[in-house]
file run-v5.cif (mmCIF, C-alpha atoms)
data_protein
loop_
_atom_site.label_atom_id
_atom_site.label_comp_id
_atom_site.auth_asym_id
_atom_site.auth_seq_id
_atom_site.Cartn_x
_atom_site.Cartn_y
_atom_site.Cartn_z
CA MET A 13 13.28 -20.81 5.82
CA THR A 14 9.80 -19.25 5.95
CA ASP A 15 9.03 -15.87 7.51
CA ILE A 16 7.20 -17.60 10.38
CA GLU A 17 10.20 -19.86 11.08
CA THR A 18 12.47 -16.81 11.09
CA LEU A 19 10.19 -15.07 13.61
CA VAL A 20 10.13 -18.09 15.91
CA LYS A 21 13.94 -18.28 15.96
CA ARG A 22 14.31 -14.64 17.03
CA ASN A 23 15.35 -13.77 20.58
CA THR A 24 12.03 -13.24 22.37
CA THR A 25 13.63 -11.00 25.00
CA VAL A 26 14.55 -8.54 22.24
CA GLU A 27 11.09 -8.87 20.68
CA MET A 28 9.48 -8.07 24.04
CA LEU A 29 11.79 -5.07 24.28
CA ARG A 30 10.62 -3.97 20.84
CA LEU A 31 7.02 -4.18 22.06
CA PHE A 32 7.92 -2.26 25.21
CA PHE A 33 9.57 0.53 23.21
CA MET A 34 6.46 0.85 21.05
CA TYR A 35 4.32 0.94 24.20
CA LEU A 36 6.41 3.85 25.49
CA ILE A 37 5.80 5.65 22.18
CA VAL A 38 2.03 5.18 22.56
CA VAL A 39 2.18 6.52 26.13
CA ILE A 40 4.19 9.62 25.24
CA HIS A 41 1.79 10.35 22.38
CA VAL A 42 -1.13 10.34 24.82
CA PHE A 43 0.54 13.02 26.93
CA LEU A 44 1.95 15.12 24.06
CA HIS A 45 -1.23 15.10 21.97
CA GLY A 46 -3.48 15.15 25.03
CA TYR A 47 -1.81 18.37 26.14
CA ASN A 48 -1.72 19.67 22.53
CA LEU A 49 2.09 19.91 22.75
CA GLU A 50 1.92 22.46 25.59
CA TYR A 51 5.28 21.48 27.05
CA GLU A 52 5.13 23.81 30.02
CA SER A 53 2.01 22.01 31.25
CA ILE A 54 3.61 18.63 30.59
CA PHE A 55 6.85 19.50 32.38
CA SER A 56 4.92 20.94 35.35
CA LEU A 57 3.93 17.35 36.14
CA GLY A 58 7.37 17.05 37.71
CA LYS A 59 6.48 19.62 40.36
CA HIS A 60 4.05 17.44 42.28
CA ILE A 61 4.65 14.13 44.04
CA SER A 62 1.37 12.74 42.71
CA THR A 63 2.34 13.34 39.08
CA ILE A 64 6.10 12.69 39.08
CA PHE A 65 5.55 9.16 37.78
CA HIS A 66 3.69 10.52 34.74
CA PHE A 67 6.43 13.08 34.18
CA GLU A 68 9.05 10.34 34.11
CA MET A 69 6.95 8.21 31.75
CA VAL A 70 6.87 11.16 29.35
CA MET A 71 10.65 11.40 29.58
CA LEU A 72 10.99 7.68 28.89
CA GLY A 73 8.85 8.06 25.78
CA LYS A 74 11.87 9.40 23.91
CA LEU A 75 13.71 6.21 24.81
CA GLY A 76 10.99 4.27 22.96
CA VAL A 77 11.94 5.90 19.66
CA ILE A 78 15.71 5.72 20.16
CA GLY A 79 15.52 2.15 21.42
CA PHE A 80 13.41 0.99 18.49
CA ILE A 81 15.92 2.35 15.99
CA PHE A 82 18.80 1.03 18.10
CA ILE A 83 17.54 -2.55 17.78
CA SER A 84 17.51 -2.22 13.98
CA GLY A 85 21.05 -0.88 14.01
CA TYR A 86 22.37 -3.41 16.52
CA TYR A 87 21.30 -6.39 14.43
CA GLY A 88 21.46 -4.60 11.09
CA ILE A 89 18.67 -4.28 8.56
CA ASN A 90 18.65 -7.20 6.15
CA PHE A 91 17.42 -5.54 2.99
CA SER A 92 15.41 -7.40 0.37
CA ILE A 93 12.99 -6.29 -2.33
CA LYS A 94 10.33 -8.54 -0.82
CA LYS A 95 10.67 -6.90 2.60
CA LEU A 96 10.62 -3.43 1.04
CA LEU A 97 7.47 -4.22 -0.95
CA ASN A 98 5.85 -5.70 2.15
CA LEU A 99 6.64 -2.54 4.11
CA VAL A 100 5.28 -0.27 1.37
CA VAL A 101 2.13 -2.38 0.91
CA THR A 102 1.54 -2.40 4.68
CA ILE A 103 1.81 1.39 4.83
CA GLY A 104 -0.48 1.71 1.80
CA PHE A 105 -3.04 -0.63 3.36
CA TYR A 106 -3.26 1.40 6.55
CA LEU A 107 -3.39 4.64 4.59
CA LEU A 108 -6.45 3.33 2.75
CA ILE A 109 -8.18 1.72 5.72
CA LEU A 110 -7.63 4.63 8.09
CA GLN A 111 -8.75 7.06 5.40
CA LEU A 112 -11.99 5.13 4.98
CA ILE A 113 -12.57 4.83 8.73
CA THR A 114 -11.88 8.48 9.53
CA ARG A 115 -13.16 9.84 6.20
CA SER A 116 -10.00 11.81 5.65
CA SER A 117 -9.66 13.96 2.57
CA LEU A 118 -7.49 13.12 -0.42
CA LEU A 119 -5.29 16.07 0.56
CA ALA A 120 -4.71 14.47 3.96
CA ILE A 121 -3.66 11.22 2.30
CA LEU A 122 -1.20 13.04 0.05
CA TYR A 123 0.15 14.86 3.10
CA TYR A 124 0.86 11.56 4.81
CA ILE A 125 2.71 10.32 1.74
CA PHE A 126 4.74 13.42 0.94
CA HIS A 127 4.80 15.31 4.23
CA PRO A 128 8.06 17.01 5.13
CA TYR A 129 7.98 16.89 8.90
CA ASP A 130 5.71 15.36 11.47
CA TYR A 131 2.79 13.01 10.75
CA TRP A 132 4.16 9.47 10.56
CA TRP A 133 7.64 11.00 10.54
CA PHE A 134 9.12 7.84 12.01
CA ILE A 135 7.92 5.45 9.32
CA GLN A 136 8.85 7.85 6.52
CA TYR A 137 12.46 8.16 7.64
CA TYR A 138 12.65 4.48 8.59
CA LEU A 139 11.59 3.61 5.06
CA VAL A 140 14.47 5.72 3.71
CA LEU A 141 16.86 4.09 6.19
CA PHE A 142 15.64 0.68 5.03
CA VAL A 143 16.38 1.56 1.39
CA LEU A 144 19.82 2.95 2.28
CA SER A 145 20.72 0.07 4.62
CA PRO A 146 22.59 -2.03 1.98
CA ILE A 147 24.86 0.93 1.22
CA ILE A 148 25.33 1.79 4.90
CA ASN A 149 26.01 -1.82 5.91
CA GLU A 150 28.44 -2.46 3.03
CA GLY A 151 30.33 0.76 3.69
CA TRP A 152 30.53 0.04 7.42
CA ILE A 153 32.02 -3.42 6.84
CA HIS A 154 34.88 -2.03 4.77
CA LEU A 155 35.91 0.60 7.32
CA SER A 156 38.74 -0.08 9.71
CA LYS A 157 38.05 -0.05 13.44
CA LYS A 158 39.95 3.23 13.80
CA VAL A 159 37.93 4.93 11.03
CA ARG A 160 34.68 3.60 12.50
CA ARG A 161 35.50 5.10 15.89
CA PHE A 162 36.45 8.42 14.29
CA LEU A 163 33.20 8.43 12.29
CA ILE A 164 31.06 7.70 15.35
CA GLY A 165 32.93 10.35 17.33
CA CYS A 166 32.24 12.97 14.66
CA LEU A 167 28.56 12.01 14.38
CA LEU A 168 28.07 12.08 18.15
CA TYR A 169 29.77 15.45 18.40
CA PHE A 170 27.57 16.91 15.70
CA PHE A 171 24.34 15.25 16.85
CA CYS A 172 24.69 15.01 20.64
CA VAL A 173 26.87 18.05 21.36
CA GLY A 174 26.39 20.60 18.61
CA LEU A 175 22.66 20.16 18.06
CA PHE A 176 22.03 19.58 21.77
CA VAL A 177 23.72 22.86 22.69
CA LEU A 178 21.67 24.59 19.98
CA LYS A 179 18.55 23.22 21.74
CA LYS A 180 17.45 21.11 18.80
CA ASP A 181 15.14 18.12 19.05
CA SER A 182 16.06 16.26 15.90
CA HIS A 183 13.59 13.66 14.71
CA ASP A 184 14.72 13.28 11.14
CA MET A 185 16.96 11.23 8.86
CA MET A 186 20.04 12.31 10.80
CA THR A 187 18.55 10.79 13.95
CA MET A 188 17.98 7.49 12.17
CA ILE A 189 21.52 7.30 10.76
CA VAL A 190 23.32 8.34 13.97
CA VAL A 191 21.40 5.88 16.17
CA TYR A 192 21.72 3.11 13.58
CA LEU A 193 25.50 3.50 13.22
CA PHE A 194 26.06 3.95 16.96
CA ALA A 195 24.18 0.69 17.52
CA ARG A 196 26.31 -1.02 14.87
CA SER A 197 29.44 0.17 16.65
CA ILE A 198 28.20 -1.16 20.00
CA HIS A 199 27.51 -4.51 18.37
CA ASP A 200 30.92 -4.73 16.67
CA GLU A 201 33.14 -3.31 19.42
CA HIS A 202 32.28 -6.03 21.96
CA PHE A 203 32.40 -3.75 25.00
CA ASN A 204 32.69 -5.16 28.49
CA LYS A 205 29.05 -5.88 29.34
CA GLN A 206 29.31 -5.08 33.04
CA LYS A 207 30.85 -1.67 32.39
CA LEU A 208 28.27 -0.96 29.70
CA TYR A 209 25.45 -1.85 32.12
CA ILE A 210 26.88 0.50 34.73
CA VAL A 211 27.13 3.34 32.21
CA SER A 212 23.56 2.63 31.10
CA ILE A 213 22.19 2.63 34.66
CA ILE A 214 23.99 5.86 35.53
CA SER A 215 22.72 7.42 32.31
CA LEU A 216 19.15 6.38 33.12
CA PHE A 217 19.45 7.85 36.61
CA LEU A 218 20.79 11.16 35.31
CA TYR A 219 18.26 11.28 32.46
CA LEU A 220 15.35 10.97 34.91
CA ILE A 221 16.70 12.98 37.85
CA VAL A 222 18.18 16.05 36.13
CA PRO A 223 14.86 17.28 34.65
CA LEU A 224 13.19 16.86 38.06
CA VAL A 225 15.85 19.07 39.60
CA LEU A 226 15.45 21.63 36.82
CA VAL A 227 11.67 21.73 37.17
CA ASN A 228 11.76 22.25 40.92
CA LEU A 229 14.83 24.49 41.31
CA THR A 230 14.90 26.76 38.26
CA PRO A 231 12.29 29.48 37.58
CA SER A 232 12.53 29.26 33.78
CA TYR A 233 12.61 25.49 33.78
CA ASN A 234 10.63 25.05 30.55
CA LYS A 235 13.45 25.89 28.14
CA TYR A 236 16.00 23.85 30.09
CA VAL A 237 13.84 20.75 30.40
CA PHE A 238 12.83 20.99 26.74
CA THR A 239 16.52 20.92 25.82
CA TRP A 240 17.04 17.87 28.03
CA PHE A 241 13.87 16.28 26.61
CA SER A 242 15.51 15.86 23.24
CA TYR A 243 16.44 13.04 20.89
CA ASN A 244 19.89 14.65 20.83
CA ASN A 245 20.49 13.77 24.48
CA ILE A 246 23.41 11.35 24.36
CA LEU A 247 22.22 9.61 27.53
CA LEU A 248 19.39 8.06 25.51
CA LEU A 249 21.95 6.26 23.36
CA PHE A 250 23.79 4.90 26.40
CA ILE A 251 20.53 3.75 28.03
CA ALA A 252 19.37 2.02 24.85
CA ALA A 253 22.79 0.39 24.42
CA GLY A 254 22.74 -1.18 27.88
CA ILE A 255 19.16 -2.43 27.60
CA VAL A 256 19.54 -3.91 24.11
CA VAL A 257 22.87 -5.61 24.90
CA TRP A 258 21.32 -7.07 28.07
CA ALA A 259 18.32 -8.36 26.09
CA ASP A 260 20.64 -9.81 23.44
CA HIS A 261 22.41 -11.92 26.06
CA LYS A 262 19.18 -12.96 27.87
CA LYS A 263 17.99 -15.26 25.13
CA THR A 264 14.47 -16.66 25.43
CA TYR A 265 12.17 -18.10 22.80
CA ASN A 266 8.41 -17.87 22.56
CA ARG A 267 6.70 -18.43 19.23
CA TYR A 268 3.58 -16.42 20.02
CA ILE A 269 5.36 -13.35 21.41
CA ASN A 270 7.66 -13.29 18.39
CA ILE A 271 4.73 -13.46 16.00
CA ALA A 272 2.90 -10.72 17.92
CA ALA A 273 6.00 -8.49 17.89
CA SER A 274 6.20 -8.75 14.09
CA SER A 275 3.09 -6.51 13.96
CA VAL A 276 4.56 -3.80 16.17
CA LEU A 277 4.66 -1.33 13.28
CA ALA A 278 0.87 -1.48 13.01
CA ILE A 279 0.62 -0.02 16.51
CA TYR A 280 2.46 3.09 15.42
CA LEU A 281 0.61 3.46 12.12
CA ILE A 282 -2.83 3.18 13.73
CA THR A 283 -2.33 5.19 16.92
CA ASP A 284 -0.42 8.02 15.25
CA TRP A 285 -2.97 8.63 12.49
CA SER A 286 -4.02 12.28 12.79
CA GLN A 287 -7.77 11.65 13.08
CA ILE A 288 -7.28 8.92 15.67
CA ARG A 289 -5.02 11.16 17.73
CA TYR A 290 -8.19 12.59 19.27
CA TRP A 291 -8.36 9.49 21.41
CA ASP A 292 -5.30 10.85 23.22
CA ASN A 293 -7.44 13.67 24.59
CA LEU A 294 -9.99 11.14 25.84
CA MET A 295 -7.29 8.90 27.30
CA LEU A 296 -5.34 11.60 29.16
CA PRO A 297 -7.57 11.80 32.29
CA TYR A 298 -7.38 8.03 32.71
CA MET A 299 -3.57 8.19 32.69
CA PHE A 300 -3.67 10.08 36.00
CA GLU A 301 -5.98 7.42 37.43
CA GLY A 302 -3.54 4.70 36.38
CA TRP A 303 -6.02 2.89 34.16
CA GLY A 304 -4.77 4.74 31.11
CA TYR A 305 -1.52 2.77 31.09
CA LEU A 306 -3.52 -0.46 30.99
CA TYR A 307 -5.76 0.94 28.26
CA CYS A 308 -2.67 1.80 26.19
CA ALA A 309 -1.53 -1.82 26.48
CA VAL A 310 -5.00 -3.01 25.41
CA VAL A 311 -4.91 -0.66 22.40
CA CYS A 312 -1.52 -2.12 21.42
CA CYS A 313 -2.98 -5.63 21.60
CA ILE A 314 -5.99 -4.62 19.49
CA CYS A 315 -3.68 -3.14 16.84
CA ILE A 316 -1.66 -6.38 16.76
CA VAL A 317 -4.80 -8.50 16.36
CA PHE A 318 -6.03 -6.20 13.58
CA ASP A 319 -2.70 -6.54 11.80
CA LYS A 320 -2.83 -10.32 12.06
CA VAL A 321 -6.22 -10.20 10.34
CA ARG A 322 -4.60 -8.07 7.62
CA ILE A 323 -1.77 -10.56 7.22
CA SER A 324 -4.23 -13.46 6.95
CA LEU A 325 -6.25 -11.54 4.38
CA PHE A 326 -3.13 -10.77 2.37
CA SER A 327 -2.10 -14.41 2.55
CA ILE A 328 -5.47 -15.56 1.16
CA ILE A 329 -5.27 -13.01 -1.66
CA GLU A 330 -1.69 -14.03 -2.44
CA ARG A 331 -2.62 -17.73 -2.62
CA PHE A 332 -5.63 -16.91 -4.79
CA ILE A 333 -3.53 -14.90 -7.25
CA SER A 334 -0.83 -17.59 -7.26
CA SER A 335 -3.40 -20.30 -8.04
CA ILE A 336 -4.79 -18.28 -10.96
CA ILE A 337 -1.30 -17.73 -12.36
CA PHE A 338 -0.50 -21.43 -11.92
CA ILE A 339 -3.71 -22.52 -13.69
CA ARG A 340 -3.13 -20.16 -16.60
CA HIS A 341 0.51 -21.21 -16.85
CA SER A 342 -0.47 -24.90 -16.86
CA SER A 343 -3.10 -24.27 -19.53
CA PHE A 344 -0.55 -22.45 -21.65
CA LEU A 345 1.93 -25.33 -21.40
CA ARG A 346 -0.69 -27.94 -22.39
CA ARG A 347 -1.34 -26.07 -25.66
#
call {"tool": "encode", "arguments": {"input": "run-v5.cif", "output": "structure tokens"}}
result
Amino acid sequence: MTDIETLVKRNTTVEMLRLFFMYLIVVIHVFLHGYNLEYESIFSLGKHISTIFHFEMVMLGKLGVIGFIFISGYYGINFSIKKLLNLVVTIGFYLLILQLITRSSLLAILYYIFHPYDYWWFIQYYLVLFVLSPIINEGWIHLSKKVRRFLIGCLLYFFCVGLFVLKKDSHDMMTMIVVYLFARSIHDEHFNKQKLYIVSIISLFLYLIVPLVLVNLTPSYNKYVFTWFSYNNILLLFIAAGIVVWADHKKTYNRYINIAASSVLAIYLITDWSQIRYWDNLMLPYMFEGWGYLYCAVVCCICIVFDKVRISLFSIIERFISSIIFIRHSSFLRR
């Protein structure tokens, strides 16, 4: 089965959800980078009726990251050397192209490759998760249901209780592993869907309402909302679980959406490049006019189209190299 055939057979509802999660990531980046990570200013959006919607969109941005990882965990990462090389080559391509476009220094390129913390943090840790996935998947299969539940309980306690109480906002390898394994457990446990949906809806309500209450009723709301606005908030896991399970059971198929969704990673790589982040400052005023949300969707579409051009270019190069190898091999055999 070819890669294109595999894409077409995927559940389009899940692929649309993947696109939506990436869209949320683009939106939250506009606010975070547009405000230069001044969280007090960002959280103050919840104080005014006219800006509450934007405040809630910022809150939902965290769901974009958790949800994206959750999908990978729910279905499991199917590791292969070909997929790994494709991922590495794709990252390398955008490193080169974006460096040429923005005239970044060699030091900046090295920082993106070896950085310890923030720039492109998601793709760096996802790449490690991808490499570790065969070990994680194989180990998970051989655990009993009781041990799996105990493991998930320990991880959730450490990640969603311990680190949450310590006011951490973990976006690291631990985040990847916890979300991935929690998603695997949701997939394998076969929970009652209706109950899961109810838990997810309640979690979404609490996740959006509690910070509004904190902003408007507590004087020192910044530190409390920042704690709530954390990847360690367990409600994000419950929300993602309900949405992904719902999408999994609402099967639809659309060839073109599936093919478009296969380039979702390009959206992150392009929009989160440090030199291009300046567009967030330009975009921020338009967010309050409403047009910014449409512009973010347009930017996502442009990134997808650009990536399709890259894929076509790579395909031409691959066929060219293959033809040369075939000709030389044929010539060698005729000798």
call {"tool": "resolve_selection", "arguments": {"input": "run-v5.cif", "expression": "the PyMOL selection byres ((chain A and resi 274) around 12)", "output": "PyMOL selection string"}}
result
chain A and resi 15-16+18-20+22+24+26-28+30-31+34+99+267-273+275-279+315-317+319-320+323
call {"tool": "closest_residue", "arguments": {"input": "run-v5.cif", "among": "A:Ser62, A:Gln206, A:Ser145, A:Asn48", "to": "Gly88 of chain A", "atoms": "all atoms listed in the file"}}
result
A:Ser145
call {"tool": "residues_near_point", "arguments": {"input": "run-v5.cif", "point": "(13.8, 5.9, 20.8)", "cutoff": "10 Å", "atoms": "only C-alpha atoms", "output": "list in words"}}
result
Phe33, Met34, Leu36, Ile37, Leu72, Gly73, Lys74, Leu75, Gly76, Val77, Ile78, Gly79, Phe80, Ile81, Phe82, Ile83, His183, Thr187, Met188, Val191, Tyr243, Leu248, Leu249 and Ala252 of chain A
call {"tool": "atom_distance", "arguments": {"input": "run-v5.cif", "atom1": "atom CA of Tyr87 of chain A", "atom2": "atom CA of Ala259 of chain A"}}
result
12.2 Å
call {"tool": "residues_around", "arguments": {"input": "run-v5.cif", "residues": "Pro223 of chain A", "least_positions_apart": "4", "cutoff": "8 Å", "atoms": "only C-alpha atoms", "output": "JSON list (two decimals) with C-alpha atoms, in the frame of the given file"}}
result
[["chain", "number", "residue", "atom", "x", "y", "z"],
["A", 219, "TYR", "CA", 18.26, 11.28, 32.46],
["A", 227, "VAL", "CA", 11.67, 21.73, 37.17],
["A", 237, "VAL", "CA", 13.84, 20.75, 30.40],
["A", 240, "TRP", "CA", 17.04, 17.87, 28.03]]
call {"tool": "closest_residue", "arguments": {"input": "run-v5.cif", "among": "A:Ser286, A:Asn23, A:Ser53, A:Ser84", "to": "Ser117 of chain A", "atoms": "all atoms listed in the file"}}
result
A:Ser286
call {"tool": "axis_aligned_box", "arguments": {"input": "run-v5.cif", "around": "segment 262-275 of chain A", "padding_each_side": "3 Å", "output": "AutoDock Vina command-line options"}}
result
--center_x 11.0 --center_y -12.5 --center_z 20.9 --size_x 22.3 --size_y 17.9 --size_z 19.9
call {"tool": "resolve_selection", "arguments": {"input": "run-v5.cif", "expression": "the PyMOL selection byres ((chain A and resi 170) around 12)", "output": "list in words"}}
result
Leu163, Ile164, Gly165, Cys166, Leu167, Leu168, Tyr169, Phe171, Cys172, Val173, Gly174, Leu175, Phe176, Val177, Leu178, Lys180, Ser182, Met186, Thr187, Val190, Asn244, Asn245 and Ile246 of chain A
